[in-house]
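**Q** Here it is: the structure, laid out below.
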Amino acid sequence: MPGSSGFRSATTGIKRKKAEISKLERGKRLAANKVFLERIEREVRHGGRMAIIADVKIPDLPAGLATVANVHLENRCKPACRVRQMDALLSQLKEVEHPVIMGGDLNTSGADGTPTSIRREILTRVKNYEFWATQALKWGTPASLPLAALTPVRYFKNYLDPTSVHLPVIGTNKESALFRHIERFRFVDRQAFDFRGEPERNLHEKGGTLANSNQRARKGFEPTFTLKRDFGG
C-alpha cells in the first residue's frame, strides 16, 4: 500500500509499555461476572473515525463520477449511537448530486457494547422499561411460558437480518431505526438510496428490504464471511 513503508519507519522509535489492570478494576469485573453474569467491557475508543468518502471517476456514468462511502460504525455503544453516527454521515452526503454507493461494517449486532461499570449496569436496569415489563409478565402473570417460547422466535426474526421490524418486549430489534433513517433520507435532488426488494435484481432471486443492492439469503442477508467451527480440534 502506498506510503505504508513511511508509516512503519515513523513508528519504529515508539516504545511499547505493557498495560496492567488494577486490582480495583479486577474486583469490579469479578463482581459484574458474579452478580450480573455479564462481562464488563471498558474498552474506550478515541472516536472520530467512522467513514472514508471518495469520488471515483466512472466514464460510463452520466456525470462520469460516483461517490463511494466506506463505513465502519462503532460497536462499543448502543444502537442509538450508531443511528447518530449514520445521520452525521448522511449530512455529509446530502448535497451530492451524482450516484452514491455506501457500504461497509455497520456493526448492527443488536448488542449494547457501551463501556460500562457496576453503577451503570444497575441504572440501566432501573430505567429500562422493557426489562421491568418483561419481569412483570414473567413473574406476575401466567405469561412466563409464552415468553420463554418467544425466545427462539425473537432469535429467528432477527437472524442475519438487522432490518427486521422492532416489536417492543415480544420482538425487539433496536437496530431497525438505523435502516429506517437511511430509507427515509433524501438527497438535495430528492433522490434516495435503493431500498427496493426485487428478486430479479438479487443474485439468489430472493426478495426483501435492500435486495437490490445486497445478496438476500433464505433468511436475512447472505454473509460475506463466516468463521468455520472445528469441533474436532
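By order in the C-alpha cells, chains are A, B, ...; within a chain, residues start at 1; ligands start at 1, following the order shown.
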May I have a table of the residues of segment 94-208 of chain A lying at most 9 Å from segment 54-74 of chain A, giving each one's closest pair of atoms and their distance in Å to one decimal, counting only C-alpha atoms, ordered by chain and ascending residue number, as JSON lines?
**A**
{"residue": "A:Val96", "atom": "CA", "partner": "A:Thr67", "partner_atom": "CA", "distance": 7.9}
{"residue": "A:His98", "atom": "CA", "partner": "A:Ala66", "partner_atom": "CA", "distance": 6.0}
{"residue": "A:Pro99", "atom": "CA", "partner": "A:Ala66", "partner_atom": "CA", "distance": 5.0}
{"residue": "A:Val100", "atom": "CA", "partner": "A:Thr67", "partner_atom": "CA", "distance": 4.8}
{"residue": "A:Ile101", "atom": "CA", "partner": "A:Val68", "partner_atom": "CA", "distance": 4.8}
{"residue": "A:Met102", "atom": "CA", "partner": "A:Ala69", "partner_atom": "CA", "distance": 4.7}
{"residue": "A:Gly103", "atom": "CA", "partner": "A:Asn70", "partner_atom": "CA", "distance": 5.4}
{"residue": "A:Gly104", "atom": "CA", "partner": "A:Val71", "partner_atom": "CA", "distance": 4.6}
{"residue": "A:Asp105", "atom": "CA", "partner": "A:His72", "partner_atom": "CA", "distance": 4.7}
{"residue": "A:Leu106", "atom": "CA", "partner": "A:Leu73", "partner_atom": "CA", "distance": 5.0}
{"residue": "A:Asn107", "atom": "CA", "partner": "A:Leu73", "partner_atom": "CA", "distance": 6.1}
{"residue": "A:Thr108", "atom": "CA", "partner": "A:Leu73", "partner_atom": "CA", "distance": 8.6}
**Q** Segment 217-221 of chain A: which residues within 9 Å, counting only C-alpha atoms, same-chain residues fewer than 6 positions away excluded, as a ChimeraX atom specification?
**A** /A:156-164,204-206,208,211
**Q** Where in segment 46-219 of chain A does DSSP assign strand (DSSP E), given as a VMD selection string?
**A** chain A and resid 51 to 57 65 to 72 100 to 105
**Q** Take the selection from the previous step and output its residues with N, CA, C and O atoms, as a compact mmCIF listing (two decimals), in the first residue's frame.
**A**
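So part.txt came out as:
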# COMPACT_ATOMS: atom_id res chain seq x y z
N ALA A 51 -15.86 6.67 8.75
CA ALA A 51 -16.12 6.51 7.32
C ALA A 51 -15.02 7.17 6.50
O ALA A 51 -14.38 8.12 6.94
N ILE A 52 -14.84 6.63 5.30
CA ILE A 52 -13.97 7.25 4.29
C ILE A 52 -14.83 7.50 3.06
O ILE A 52 -15.51 6.60 2.57
N ILE A 53 -14.81 8.73 2.55
CA ILE A 53 -15.61 9.10 1.38
C ILE A 53 -14.67 9.44 0.24
O ILE A 53 -13.73 10.22 0.41
N ALA A 54 -14.91 8.85 -0.92
CA ALA A 54 -14.04 9.11 -2.08
C ALA A 54 -14.88 9.26 -3.34
O ALA A 54 -15.90 8.58 -3.51
N ASP A 55 -14.48 10.18 -4.22
CA ASP A 55 -15.11 10.35 -5.52
C ASP A 55 -14.33 9.52 -6.54
O ASP A 55 -13.10 9.62 -6.64
N VAL A 56 -15.04 8.69 -7.29
CA VAL A 56 -14.41 7.79 -8.25
C VAL A 56 -14.87 8.14 -9.66
O VAL A 56 -16.08 8.26 -9.91
N LYS A 57 -13.93 8.31 -10.58
CA LYS A 57 -14.28 8.61 -11.97
C LYS A 57 -14.72 7.35 -12.69
O LYS A 57 -13.99 6.37 -12.77
N LEU A 65 -18.96 10.30 -12.72
CA LEU A 65 -18.44 10.32 -11.35
C LEU A 65 -19.41 9.59 -10.41
O LEU A 65 -20.62 9.63 -10.60
N ALA A 66 -18.85 8.93 -9.40
CA ALA A 66 -19.65 8.31 -8.34
C ALA A 66 -18.93 8.54 -7.02
O ALA A 66 -17.70 8.60 -6.98
N THR A 67 -19.70 8.69 -5.96
CA THR A 67 -19.13 8.86 -4.62
C THR A 67 -19.30 7.55 -3.85
O THR A 67 -20.40 7.00 -3.79
N VAL A 68 -18.20 7.06 -3.29
CA VAL A 68 -18.22 5.81 -2.52
C VAL A 68 -17.94 6.14 -1.06
O VAL A 68 -16.94 6.80 -0.74
N ALA A 69 -18.81 5.70 -0.16
CA ALA A 69 -18.64 5.90 1.28
C ALA A 69 -18.43 4.54 1.95
O ALA A 69 -19.32 3.69 1.93
N ASN A 70 -17.24 4.33 2.49
CA ASN A 70 -16.92 3.09 3.20
C ASN A 70 -17.10 3.35 4.70
O ASN A 70 -16.39 4.16 5.29
N VAL A 71 -18.06 2.65 5.31
CA VAL A 71 -18.49 2.96 6.68
C VAL A 71 -17.98 1.91 7.66
O VAL A 71 -17.93 0.72 7.34
N HIS A 72 -17.62 2.35 8.86
CA HIS A 72 -17.32 1.44 9.96
C HIS A 72 -17.85 2.08 11.24
O HIS A 72 -17.16 2.85 11.90
N VAL A 100 -24.35 7.61 -5.48
CA VAL A 100 -23.64 7.36 -4.22
C VAL A 100 -23.74 5.87 -3.88
O VAL A 100 -24.82 5.29 -3.90
N ILE A 101 -22.60 5.27 -3.56
CA ILE A 101 -22.55 3.88 -3.13
C ILE A 101 -22.06 3.86 -1.68
O ILE A 101 -20.99 4.38 -1.38
N MET A 102 -22.85 3.27 -0.79
CA MET A 102 -22.47 3.22 0.62
C MET A 102 -22.46 1.77 1.10
O MET A 102 -23.38 1.00 0.84
N GLY A 103 -21.40 1.38 1.77
CA GLY A 103 -21.29 0.03 2.29
C GLY A 103 -20.25 -0.01 3.39
O GLY A 103 -19.65 1.01 3.74
N GLY A 104 -20.02 -1.18 3.95
CA GLY A 104 -19.02 -1.32 4.99
C GLY A 104 -19.54 -2.13 6.16
O GLY A 104 -20.44 -2.95 6.02
N ASP A 105 -18.99 -1.86 7.35
CA ASP A 105 -19.33 -2.59 8.56
C ASP A 105 -20.19 -1.69 9.44
O ASP A 105 -19.69 -0.74 10.04
**Q** Here is a test: counting only C-alpha atoms, which residue of A:Lys28, A:Val169, A:Gln135, A:Met86 is nearest to Arg120 of chain A?
**A**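 Ranked by minimum distance to Arg120 of chain A, first place goes to A:Lys28.
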